[in-house]
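Since the structure comes first, as structure tokens, the remarks are kept for the end.
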Amino acid sequence: MSNTLKRWIYVVWVLGIGAFALLHALHLGADFPNHTPWYGDWAKYTDEGWYSNAAIRAHLFGNWYVPGDFNPAPAVPVWPFLEWILFFFTGVTVEAARGLAVAFFFSNLLLSYLLLRTRGSRRMGLLALTLIVTSPFLYCFSRLAILEPMLITLMLTALNITVRLPRLRRRVGASILVGVLFTLMMLTKTTAIFLLPALGWALLATLWQRDSVKAATELRPWNSTSALRCVLAAACAFVVSFGAWMALVVHSGLYADYKYLFFINKYTKPTEIYWPVLSLWWSFHGGLWVDHILIPLAGLLFVGALLAATALSRRNTWGRSLLLDPVFGSSIVGAAGYIFFMTYQNHPQPRYFAVVAVFCFFVVARGTEALVDQAGMTRLLGRAAIALAALAVVLNGLLTFSYATHPEYTFVIAARQLTRYIDEHPNGNRLLVSISGDEITLISHIPALCDDFGTPTAAYPDLATKLARYQPGWWATWNDIDPGTLEDIHTHFSLEQVATFRAFDDPERNVIVLFKLHPLAGGGVREIDGTNLQVPLPDDKIDIPIQ
């Protein structure tokens, strides 16, 4: 093949990647695509508003903090801080918030290519980008204003610095930067702690390698003073920077809000002794949410490299070389770390796999190149892996293109119609209570409280106290009513169902039901006696199920 033809192939390839990447930036106000395998992920109903609420409130209402409500910013401040800056230029809009997430997605493409090029060819880097931009899974979740796209950006930035440490003059200074980046990761999403082993592996594998950067097969013994200095520098930078933030949180009286984020993410574990095995299978099998071809292929490539590095190591060294490669190894450890997190939580959610997806696509790209670079049967296996990856690209590309060219706006319309109804039918305080309240605020700017989460304090021990303090005029729920929430509302209000608005495709969460809240006569308070307030009362008008 002539050099001119190769050059044109690469040009067309890059243009195709760019075209699919730009699809992510179209129709930013559209719904999370309906009728996907990930329809039940609650991020599309709640997370965009929750983790943006500090920036939203600061711009719309003059104060980022609402006592007694859900205030996650003390634990994860980086994302709302960037949105706060952005909203000065764009105003508070869901399109601006999602545009910021897409900007991080674009950054992830560049950072992915730069990372992979440190260990392989141009075609390998472009293959990884192709897998990323055509993935319908990443298309759906990279367009939401959630924390994963930024977390991936920070992780890839840290990895890019780490794998280049041997080439840098000031390795200790670069290691300090890695430590600060890890602090930013922890302050973007606390699950970043499960990515620390991947960063550690990349750092040690890079600095301990005996051979050249391109072809390492062994590790040096533990006598590298350079490696030790870099590790200590990164660790100290993290401890100092993260400790400074925690000192500020404690000094500001926000430690309860910081702890509350961990409390709400702690799920009840089964009583059976074997539950971790079932949870591991659940989390591991959840990888198929990402892709039914590429995730199993990544697993096969890892197992193949492991066998080649152990049982077949006398015949060749490619397996050991691949496992000790900082990019391939850190991708395996990073994916495993996040799967371990979901196993420990016993509560995997599709959005969590956005991080796993990127690492697994790296494994596919790097692993197939390692196979193709060999001779004989190994090369044929590599070509078969490339054929499978190409099939996945075609199927995924068609689905992604379909999602991008058929936008729907049901939730935006529902949020605006709900707000218009409230404005046209005054009922006391123009304040909405809803689990999706912050999300609706992001779209329509109506003030809102969360009925599910709120930092418990002496002044606001529960939802009932919060409702008594803020005296909202409205409540919105999805499809049905939780008995516990109804009980809290009933202590101070009766309910009148007044409107419904259809949105999304989840059969259990596809209708927003709006209620007027009517204060009890004389400002009275109903007393809880067993389950007496968990059922419709005579002065209620409720037509949806309570369950």
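Residues in the structure tokens are numbered from 1 in each chain, the chains being A, B, ... in the order shown, and ligands are numbered from 1 in the order shown.
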
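Close contacts of A:Leu398, defined as residues with an atom at most 12 Å away when counting only C-alpha atoms, with chain neighbours fewer than 4 positions off set aside, comprise Phe20, Val133, Thr134, Ser135, Pro136, Leu391, Ala392, Val393, Val394, Ser402, Tyr403, Ala404 and Thr405 of chain A.
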
| task | Quick one: everything within 8 Å of A:Val525, counting only C-alpha atoms, minus sequence neighbours fewer than 5 positions away in the same chain. Send it as a PyMOL selection string. | result | chain A and resi 491-492+520

Selection export as a short mmCIF file (atom, residue, chain, number, x, y, z; two decimals), in the first residue's frame, atoms kept: N, CA, C and O atoms:
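This is the output file again-v7.cif:
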data_model
loop_
_atom_site.label_atom_id
_atom_site.label_comp_id
_atom_site.auth_asym_id
_atom_site.auth_seq_id
_atom_site.Cartn_x
_atom_site.Cartn_y
_atom_site.Cartn_z
N THR A 491 -48.05 14.96 57.95
CA THR A 491 -47.93 15.58 59.27
C THR A 491 -48.31 17.06 59.24
O THR A 491 -48.72 17.62 60.26
N HIS A 492 -48.17 17.69 58.04
CA HIS A 492 -48.44 19.13 57.95
C HIS A 492 -49.39 19.52 56.83
O HIS A 492 -49.90 20.65 56.83
N LEU A 520 -52.59 22.19 57.00
CA LEU A 520 -53.70 21.78 57.88
C LEU A 520 -54.33 23.01 58.52
O LEU A 520 -53.66 24.02 58.77
#

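Coordinates place atom CA of A:Ala305 at a distance of 18.3 Å from atom CA of A:Ile293.
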
| message | Give me, as a PyMOL selection string, all polymer residues having an atom no more than 10 Å from A:Ala459, counting only C-alpha atoms and skipping those fewer than 5 positions away in the same chain. | response | chain A and resi 67-68+465-466+469

I need the chosen residues saved as an mmCIF file, in the first residue's frame, with all heavy atoms.
data_model
loop_
_atom_site.group_PDB
_atom_site.id
_atom_site.type_symbol
_atom_site.label_atom_id
_atom_site.label_comp_id
_atom_site.auth_asym_id
_atom_site.auth_seq_id
_atom_site.Cartn_x
_atom_site.Cartn_y
_atom_site.Cartn_z
ATOM 1 N N PRO A 67 -30.166 24.862 54.050
ATOM 2 C CA PRO A 67 -30.121 24.031 55.267
ATOM 3 C C PRO A 67 -31.194 22.949 55.259
ATOM 4 O O PRO A 67 -32.347 23.192 54.937
ATOM 5 C CB PRO A 67 -30.361 25.056 56.387
ATOM 6 C CG PRO A 67 -29.924 26.362 55.809
ATOM 7 C CD PRO A 67 -30.284 26.297 54.353
ATOM 8 N N GLY A 68 -30.791 21.743 55.616
ATOM 9 C CA GLY A 68 -31.722 20.629 55.703
ATOM 10 C C GLY A 68 -31.977 19.917 54.400
ATOM 11 O O GLY A 68 -32.584 18.841 54.397
ATOM 12 N N THR A 465 -39.881 17.936 59.319
ATOM 13 C CA THR A 465 -39.403 19.202 59.879
ATOM 14 C C THR A 465 -39.026 20.178 58.773
ATOM 15 O O THR A 465 -39.291 21.385 58.864
ATOM 16 C CB THR A 465 -38.189 18.952 60.788
ATOM 17 O OG1 THR A 465 -38.525 17.965 61.756
ATOM 18 C CG2 THR A 465 -37.762 20.230 61.483
ATOM 19 N N LYS A 466 -38.401 19.660 57.726
ATOM 20 C CA LYS A 466 -38.020 20.514 56.599
ATOM 21 C C LYS A 466 -39.254 21.104 55.926
ATOM 22 O O LYS A 466 -39.282 22.296 55.578
ATOM 23 C CB LYS A 466 -37.192 19.704 55.591
ATOM 24 C CG LYS A 466 -36.705 20.518 54.401
ATOM 25 C CD LYS A 466 -35.617 19.793 53.623
ATOM 26 C CE LYS A 466 -36.097 18.569 52.910
ATOM 27 N NZ LYS A 466 -35.053 17.979 52.030
ATOM 28 N N ARG A 469 -40.674 23.892 58.025
ATOM 29 C CA ARG A 469 -39.853 25.115 57.985
ATOM 30 C C ARG A 469 -40.030 25.884 56.683
ATOM 31 O O ARG A 469 -40.200 27.105 56.678
ATOM 32 C CB ARG A 469 -38.392 24.730 58.183
ATOM 33 C CG ARG A 469 -37.380 25.815 57.808
ATOM 34 C CD ARG A 469 -37.498 27.068 58.669
ATOM 35 N NE ARG A 469 -36.514 28.067 58.298
ATOM 36 C CZ ARG A 469 -36.609 28.908 57.275
ATOM 37 N NH1 ARG A 469 -37.705 28.866 56.509
ATOM 38 N NH2 ARG A 469 -35.668 29.784 57.014
#

| message | Report as a PyMOL selection string all protein, DNA and RNA residues lying within 7 Å of A:Ser330, evaluated on only C-alpha atoms, omitting residues in the same chain fewer than 6 positions from it. | response | chain A and resi 198-199+201-202

Keeping only N, CA, C and O atoms, write those residues as a PDB file, in the first residue's frame.
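The file below, again-v4.pdb, is the result:
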ATOM      1  N   ALA A 198      -4.992   1.699  40.002  1.00  0.00           N
ATOM      2  CA  ALA A 198      -4.607   1.828  38.598  1.00  0.00           C
ATOM      3  C   ALA A 198      -3.528   2.892  38.421  1.00  0.00           C
ATOM      4  O   ALA A 198      -2.562   2.704  37.667  1.00  0.00           O
ATOM      5  N   LEU A 199      -3.683   4.010  39.128  1.00  0.00           N
ATOM      6  CA  LEU A 199      -2.652   5.047  39.067  1.00  0.00           C
ATOM      7  C   LEU A 199      -1.344   4.534  39.666  1.00  0.00           C
ATOM      8  O   LEU A 199      -0.262   4.789  39.131  1.00  0.00           O
ATOM      9  N   TRP A 201      -0.317   1.434  39.829  1.00  0.00           N
ATOM     10  CA  TRP A 201       0.299   0.481  38.916  1.00  0.00           C
ATOM     11  C   TRP A 201       1.010   1.197  37.769  1.00  0.00           C
ATOM     12  O   TRP A 201       2.149   0.851  37.416  1.00  0.00           O
ATOM     13  N   ALA A 202       0.370   2.183  37.190  1.00  0.00           N
ATOM     14  CA  ALA A 202       0.989   2.918  36.084  1.00  0.00           C
ATOM     15  C   ALA A 202       2.286   3.590  36.528  1.00  0.00           C
ATOM     16  O   ALA A 202       3.285   3.597  35.805  1.00  0.00           O
TER      17      ALA A 202
END

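The nearest approach to A:Ile193 among the residues A:Trp318, A:Gly99, A:Leu151, A:Trp245, with only C-alpha atoms taken into account, belongs to A:Leu151.
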
Determine, for each residue of stretch 460-486 of chain A having at least one atom at most 10 Å from an atom of stretch 433-443 of chain A, the closest pair of atoms and their separation in Å to one decimal, counting only C-alpha atoms; order by chain and ascending number, as CSV.
residue,atom,partner,partner_atom,distance
A:Leu467,CA,A:Val433,CA,8.7
A:Gln471,CA,A:Val433,CA,9.9
A:Pro472,CA,A:Val433,CA,6.8
A:Gly473,CA,A:Val433,CA,8.3
A:Trp474,CA,A:Val433,CA,6.2
A:Trp475,CA,A:Val433,CA,4.6
A:Ala476,CA,A:Ser434,CA,5.1
A:Thr477,CA,A:Ser434,CA,6.1
A:Trp478,CA,A:Ile435,CA,8.7

Keeping only all heavy atoms, write those residues as a PDB file, in the first residue's frame.
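Below you can see part_21.pdb, which holds the result:
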ATOM      1  N   LEU A 467     -40.281  20.305  55.762  1.00  0.00           N
ATOM      2  CA  LEU A 467     -41.518  20.810  55.155  1.00  0.00           C
ATOM      3  C   LEU A 467     -42.173  21.875  56.035  1.00  0.00           C
ATOM      4  O   LEU A 467     -42.690  22.880  55.530  1.00  0.00           O
ATOM      5  CB  LEU A 467     -42.494  19.655  54.925  1.00  0.00           C
ATOM      6  CG  LEU A 467     -42.067  18.589  53.919  1.00  0.00           C
ATOM      7  CD1 LEU A 467     -43.083  17.452  53.872  1.00  0.00           C
ATOM      8  CD2 LEU A 467     -41.879  19.179  52.535  1.00  0.00           C
ATOM      9  N   GLN A 471     -42.435  25.370  54.183  1.00  0.00           N
ATOM     10  CA  GLN A 471     -43.830  25.551  53.760  1.00  0.00           C
ATOM     11  C   GLN A 471     -43.995  25.593  52.232  1.00  0.00           C
ATOM     12  O   GLN A 471     -44.471  26.578  51.654  1.00  0.00           O
ATOM     13  CB  GLN A 471     -44.395  26.840  54.364  1.00  0.00           C
ATOM     14  CG  GLN A 471     -44.637  26.757  55.855  1.00  0.00           C
ATOM     15  CD  GLN A 471     -45.730  25.755  56.212  1.00  0.00           C
ATOM     16  OE1 GLN A 471     -46.846  25.809  55.674  1.00  0.00           O
ATOM     17  NE2 GLN A 471     -45.415  24.827  57.106  1.00  0.00           N
ATOM     18  N   PRO A 472     -43.625  24.510  51.551  1.00  0.00           N
ATOM     19  CA  PRO A 472     -43.791  24.475  50.087  1.00  0.00           C
ATOM     20  C   PRO A 472     -45.262  24.426  49.702  1.00  0.00           C
ATOM     21  O   PRO A 472     -46.122  24.002  50.491  1.00  0.00           O
ATOM     22  CB  PRO A 472     -43.087  23.179  49.692  1.00  0.00           C
ATOM     23  CG  PRO A 472     -43.205  22.310  50.907  1.00  0.00           C
ATOM     24  CD  PRO A 472     -43.099  23.247  52.080  1.00  0.00           C
ATOM     25  N   GLY A 473     -45.541  24.846  48.483  1.00  0.00           N
ATOM     26  CA  GLY A 473     -46.924  24.816  48.009  1.00  0.00           C
ATOM     27  C   GLY A 473     -47.214  23.658  47.083  1.00  0.00           C
ATOM     28  O   GLY A 473     -48.386  23.396  46.767  1.00  0.00           O
ATOM     29  N   TRP A 474     -46.140  22.922  46.678  1.00  0.00           N
ATOM     30  CA  TRP A 474     -46.320  21.908  45.640  1.00  0.00           C
ATOM     31  C   TRP A 474     -45.428  20.698  45.904  1.00  0.00           C
ATOM     32  O   TRP A 474     -44.353  20.809  46.494  1.00  0.00           O
ATOM     33  CB  TRP A 474     -45.986  22.489  44.272  1.00  0.00           C
ATOM     34  CG  TRP A 474     -46.781  23.712  43.937  1.00  0.00           C
ATOM     35  CD1 TRP A 474     -46.475  25.004  44.267  1.00  0.00           C
ATOM     36  CD2 TRP A 474     -48.028  23.756  43.241  1.00  0.00           C
ATOM     37  NE1 TRP A 474     -47.440  25.856  43.819  1.00  0.00           N
ATOM     38  CE2 TRP A 474     -48.416  25.119  43.176  1.00  0.00           C
ATOM     39  CE3 TRP A 474     -48.854  22.795  42.657  1.00  0.00           C
ATOM     40  CZ2 TRP A 474     -49.573  25.538  42.557  1.00  0.00           C
ATOM     41  CZ3 TRP A 474     -50.017  23.208  42.035  1.00  0.00           C
ATOM     42  CH2 TRP A 474     -50.370  24.562  41.987  1.00  0.00           C
ATOM     43  N   TRP A 475     -45.899  19.559  45.416  1.00  0.00           N
ATOM     44  CA  TRP A 475     -45.124  18.323  45.499  1.00  0.00           C
ATOM     45  C   TRP A 475     -45.311  17.553  44.201  1.00  0.00           C
ATOM     46  O   TRP A 475     -46.428  17.493  43.653  1.00  0.00           O
ATOM     47  CB  TRP A 475     -45.589  17.471  46.688  1.00  0.00           C
ATOM     48  CG  TRP A 475     -44.870  16.152  46.812  1.00  0.00           C
ATOM     49  CD1 TRP A 475     -43.528  15.960  46.901  1.00  0.00           C
ATOM     50  CD2 TRP A 475     -45.457  14.845  46.855  1.00  0.00           C
ATOM     51  NE1 TRP A 475     -43.224  14.619  47.007  1.00  0.00           N
ATOM     52  CE2 TRP A 475     -44.403  13.922  46.985  1.00  0.00           C
ATOM     53  CE3 TRP A 475     -46.772  14.379  46.799  1.00  0.00           C
ATOM     54  CZ2 TRP A 475     -44.613  12.544  47.060  1.00  0.00           C
ATOM     55  CZ3 TRP A 475     -46.994  13.010  46.886  1.00  0.00           C
ATOM     56  CH2 TRP A 475     -45.922  12.101  47.013  1.00  0.00           C
ATOM     57  N   ALA A 476     -44.225  16.977  43.679  1.00  0.00           N
ATOM     58  CA  ALA A 476     -44.296  16.171  42.455  1.00  0.00           C
ATOM     59  C   ALA A 476     -43.614  14.836  42.686  1.00  0.00           C
ATOM     60  O   ALA A 476     -42.552  14.770  43.330  1.00  0.00           O
ATOM     61  CB  ALA A 476     -43.635  16.900  41.285  1.00  0.00           C
ATOM     62  N   THR A 477     -44.229  13.787  42.189  1.00  0.00           N
ATOM     63  CA  THR A 477     -43.677  12.447  42.312  1.00  0.00           C
ATOM     64  C   THR A 477     -43.804  11.732  40.975  1.00  0.00           C
ATOM     65  O   THR A 477     -44.480  12.201  40.057  1.00  0.00           O
ATOM     66  CB  THR A 477     -44.398  11.657  43.416  1.00  0.00           C
ATOM     67  OG1 THR A 477     -43.751  10.391  43.588  1.00  0.00           O
ATOM     68  CG2 THR A 477     -45.869  11.433  43.062  1.00  0.00           C
ATOM     69  N   TRP A 478     -43.134  10.585  40.871  1.00  0.00           N
ATOM     70  CA  TRP A 478     -43.195   9.790  39.637  1.00  0.00           C
ATOM     71  C   TRP A 478     -44.134   8.602  39.830  1.00  0.00           C
ATOM     72  O   TRP A 478     -43.881   7.727  40.664  1.00  0.00           O
ATOM     73  CB  TRP A 478     -41.807   9.257  39.275  1.00  0.00           C
ATOM     74  CG  TRP A 478     -40.861  10.303  38.778  1.00  0.00           C
ATOM     75  CD1 TRP A 478     -39.966  11.033  39.514  1.00  0.00           C
ATOM     76  CD2 TRP A 478     -40.696  10.726  37.424  1.00  0.00           C
ATOM     77  NE1 TRP A 478     -39.266  11.880  38.707  1.00  0.00           N
ATOM     78  CE2 TRP A 478     -39.682  11.722  37.414  1.00  0.00           C
ATOM     79  CE3 TRP A 478     -41.297  10.371  36.212  1.00  0.00           C
ATOM     80  CZ2 TRP A 478     -39.257  12.356  36.239  1.00  0.00           C
ATOM     81  CZ3 TRP A 478     -40.876  10.998  35.047  1.00  0.00           C
ATOM     82  CH2 TRP A 478     -39.879  11.975  35.059  1.00  0.00           C
TER      83      TRP A 478
END

| message | Set the distance at 10 Å and use only C-alpha atoms: which residues neighbour A:Asn510 once local chain neighbours fewer than 5 positions away are removed? I'd like the list as number ranges by chain. | response | A: 410-411, 478-479, 501-505

Could you take the residues named above and write them with C-alpha atoms, as a short mmCIF file (atom, residue, chain, number, x, y, z; two decimals), in the first residue's frame?
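So out34.cif came out as:
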data_model
loop_
_atom_site.label_atom_id
_atom_site.label_comp_id
_atom_site.auth_asym_id
_atom_site.auth_seq_id
_atom_site.Cartn_x
_atom_site.Cartn_y
_atom_site.Cartn_z
CA THR A 410 -40.43 14.88 26.76
CA PHE A 411 -38.75 15.70 30.08
CA TRP A 478 -43.19 9.79 39.64
CA ASN A 479 -46.11 7.39 38.94
CA PHE A 501 -47.06 15.17 32.68
CA ARG A 502 -45.63 12.32 30.62
CA ALA A 503 -41.86 11.99 30.23
CA PHE A 504 -39.32 9.29 29.42
CA ASP A 505 -39.88 5.57 28.87
#

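Backbone DSSP of stretch 477-535 of chain A yields strand (DSSP E) at Thr477, Trp478, Phe493, Ser494, Leu495, Glu496, Gln497, Val498, Ala499, Thr500, Phe501, Arg502, Ala503, Phe504, Asp505, Asp506, Arg509, Asn510, Val511, Ile512, Val513, Leu514, Phe515, Lys516, Leu517, His518 and Pro519 of chain A.
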
Restricting it to N, CA, C and O atoms, dump the selection as an mmCIF file, in the first residue's frame.
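Writing done, so here's again_38.cif:
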data_model
loop_
_atom_site.group_PDB
_atom_site.id
_atom_site.type_symbol
_atom_site.label_atom_id
_atom_site.label_comp_id
_atom_site.auth_asym_id
_atom_site.auth_seq_id
_atom_site.Cartn_x
_atom_site.Cartn_y
_atom_site.Cartn_z
ATOM 1 N N THR A 477 -44.229 13.787 42.189
ATOM 2 C CA THR A 477 -43.677 12.447 42.312
ATOM 3 C C THR A 477 -43.804 11.732 40.975
ATOM 4 O O THR A 477 -44.480 12.201 40.057
ATOM 5 N N TRP A 478 -43.134 10.585 40.871
ATOM 6 C CA TRP A 478 -43.195 9.790 39.637
ATOM 7 C C TRP A 478 -44.134 8.602 39.830
ATOM 8 O O TRP A 478 -43.881 7.727 40.664
ATOM 9 N N PHE A 493 -49.634 18.610 55.867
ATOM 10 C CA PHE A 493 -50.392 18.994 54.680
ATOM 11 C C PHE A 493 -51.383 17.896 54.288
ATOM 12 O O PHE A 493 -51.175 16.714 54.583
ATOM 13 N N SER A 494 -52.404 18.308 53.573
ATOM 14 C CA SER A 494 -53.216 17.375 52.784
ATOM 15 C C SER A 494 -52.823 17.564 51.326
ATOM 16 O O SER A 494 -52.252 18.595 50.944
ATOM 17 N N LEU A 495 -53.141 16.566 50.503
ATOM 18 C CA LEU A 495 -52.683 16.579 49.117
ATOM 19 C C LEU A 495 -53.857 16.635 48.164
ATOM 20 O O LEU A 495 -54.867 15.948 48.361
ATOM 21 N N GLU A 496 -53.661 17.396 47.092
ATOM 22 C CA GLU A 496 -54.653 17.465 46.022
ATOM 23 C C GLU A 496 -53.947 17.221 44.682
ATOM 24 O O GLU A 496 -53.153 18.038 44.233
ATOM 25 N N GLN A 497 -54.235 16.080 44.077
ATOM 26 C CA GLN A 497 -53.630 15.772 42.778
ATOM 27 C C GLN A 497 -54.262 16.665 41.707
ATOM 28 O O GLN A 497 -55.481 16.690 41.544
ATOM 29 N N VAL A 498 -53.398 17.396 40.962
ATOM 30 C CA VAL A 498 -53.941 18.409 40.054
ATOM 31 C C VAL A 498 -53.504 18.235 38.602
ATOM 32 O O VAL A 498 -54.180 18.732 37.694
ATOM 33 N N ALA A 499 -52.390 17.556 38.337
ATOM 34 C CA ALA A 499 -51.931 17.475 36.939
ATOM 35 C C ALA A 499 -50.940 16.332 36.793
ATOM 36 O O ALA A 499 -50.283 15.914 37.756
ATOM 37 N N THR A 500 -50.832 15.816 35.557
ATOM 38 C CA THR A 500 -49.841 14.799 35.222
ATOM 39 C C THR A 500 -49.131 15.211 33.938
ATOM 40 O O THR A 500 -49.726 15.852 33.060
ATOM 41 N N PHE A 501 -47.872 14.817 33.840
ATOM 42 C CA PHE A 501 -47.059 15.171 32.680
ATOM 43 C C PHE A 501 -46.217 13.956 32.298
ATOM 44 O O PHE A 501 -45.461 13.440 33.120
ATOM 45 N N ARG A 502 -46.341 13.516 31.066
ATOM 46 C CA ARG A 502 -45.631 12.320 30.620
ATOM 47 C C ARG A 502 -44.204 12.676 30.218
ATOM 48 O O ARG A 502 -43.937 13.705 29.595
ATOM 49 N N ALA A 503 -43.271 11.787 30.577
ATOM 50 C CA ALA A 503 -41.857 11.992 30.235
ATOM 51 C C ALA A 503 -41.120 10.661 30.322
ATOM 52 O O ALA A 503 -41.413 9.826 31.192
ATOM 53 N N PHE A 504 -40.186 10.460 29.421
ATOM 54 C CA PHE A 504 -39.319 9.289 29.420
ATOM 55 C C PHE A 504 -40.087 7.988 29.150
ATOM 56 O O PHE A 504 -41.277 8.004 28.816
ATOM 57 N N ASP A 505 -39.358 6.864 29.323
ATOM 58 C CA ASP A 505 -39.878 5.574 28.868
ATOM 59 C C ASP A 505 -39.899 4.497 29.948
ATOM 60 O O ASP A 505 -40.391 3.405 29.713
ATOM 61 N N ASP A 506 -39.338 4.766 31.109
ATOM 62 C CA ASP A 506 -39.345 3.767 32.173
ATOM 63 C C ASP A 506 -40.786 3.522 32.604
ATOM 64 O O ASP A 506 -41.471 4.444 33.042
ATOM 65 N N ARG A 509 -41.421 4.976 35.869
ATOM 66 C CA ARG A 509 -41.097 6.394 36.041
ATOM 67 C C ARG A 509 -41.301 7.109 34.709
ATOM 68 O O ARG A 509 -40.351 7.596 34.101
ATOM 69 N N ASN A 510 -42.538 7.181 34.236
ATOM 70 C CA ASN A 510 -42.794 7.856 32.957
ATOM 71 C C ASN A 510 -43.901 8.898 33.050
ATOM 72 O O ASN A 510 -44.309 9.460 32.043
ATOM 73 N N VAL A 511 -44.365 9.169 34.278
ATOM 74 C CA VAL A 511 -45.389 10.197 34.480
ATOM 75 C C VAL A 511 -45.039 10.999 35.731
ATOM 76 O O VAL A 511 -44.866 10.431 36.813
ATOM 77 N N ILE A 512 -44.917 12.313 35.566
ATOM 78 C CA ILE A 512 -44.734 13.194 36.722
ATOM 79 C C ILE A 512 -46.117 13.637 37.184
ATOM 80 O O ILE A 512 -46.897 14.175 36.396
ATOM 81 N N VAL A 513 -46.408 13.401 38.454
ATOM 82 C CA VAL A 513 -47.720 13.730 39.009
ATOM 83 C C VAL A 513 -47.547 14.899 39.967
ATOM 84 O O VAL A 513 -46.741 14.844 40.904
ATOM 85 N N LEU A 514 -48.301 15.955 39.732
ATOM 86 C CA LEU A 514 -48.184 17.182 40.517
ATOM 87 C C LEU A 514 -49.329 17.289 41.525
ATOM 88 O O LEU A 514 -50.495 17.049 41.185
ATOM 89 N N PHE A 515 -48.982 17.662 42.755
ATOM 90 C CA PHE A 515 -49.958 17.833 43.836
ATOM 91 C C PHE A 515 -49.854 19.243 44.405
ATOM 92 O O PHE A 515 -48.748 19.793 44.541
ATOM 93 N N LYS A 516 -50.997 19.796 44.772
ATOM 94 C CA LYS A 516 -51.014 20.965 45.641
ATOM 95 C C LYS A 516 -50.892 20.492 47.089
ATOM 96 O O LYS A 516 -51.470 19.478 47.469
ATOM 97 N N LEU A 517 -50.145 21.236 47.874
ATOM 98 C CA LEU A 517 -50.031 20.966 49.305
ATOM 99 C C LEU A 517 -50.859 21.993 50.065
ATOM 100 O O LEU A 517 -50.612 23.198 49.959
ATOM 101 N N HIS A 518 -51.853 21.507 50.810
ATOM 102 C CA HIS A 518 -52.732 22.400 51.568
ATOM 103 C C HIS A 518 -52.399 22.279 53.055
ATOM 104 O O HIS A 518 -52.558 21.192 53.638
ATOM 105 N N PRO A 519 -51.926 23.367 53.677
ATOM 106 C CA PRO A 519 -51.605 23.304 55.111
ATOM 107 C C PRO A 519 -52.827 22.917 55.938
ATOM 108 O O PRO A 519 -53.970 23.259 55.596
#

| task | Tell me, as a PyMOL selection string, which residues lie within 9 Å of A:Tyr258, counting only C-alpha atoms; anything in the same chain fewer than 4 positions away does not count. | result | chain A and resi 71-76+249+254+262

| Distance atom CA of A:Asp539-atom CA of A:Asp451, one decimal place? |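 About the pair atom CA of A:Asp539 and atom CA of A:Asp451: they are 21.4 Å apart.
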
| Any idea what's packed within 8 Å of stretch 362-371 of chain A, counting only C-alpha atoms, ignoring anything in its chain fewer than 5 positions away? Could you give it as a PyMOL selection string? | chain A and resi 116+120+124-125+127-128+294+297-298+301-302+318+322+327-328+331-332+378-379+381-383+385-386+389

| task | Rank nothing, just name the residue among A:Pro507, A:Leu432, A:Asn346, A:Gly62 nearest to A:Phe284, using only C-alpha atoms. | result |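 The shortest atom-to-atom distance to A:Phe284 comes from A:Asn346.
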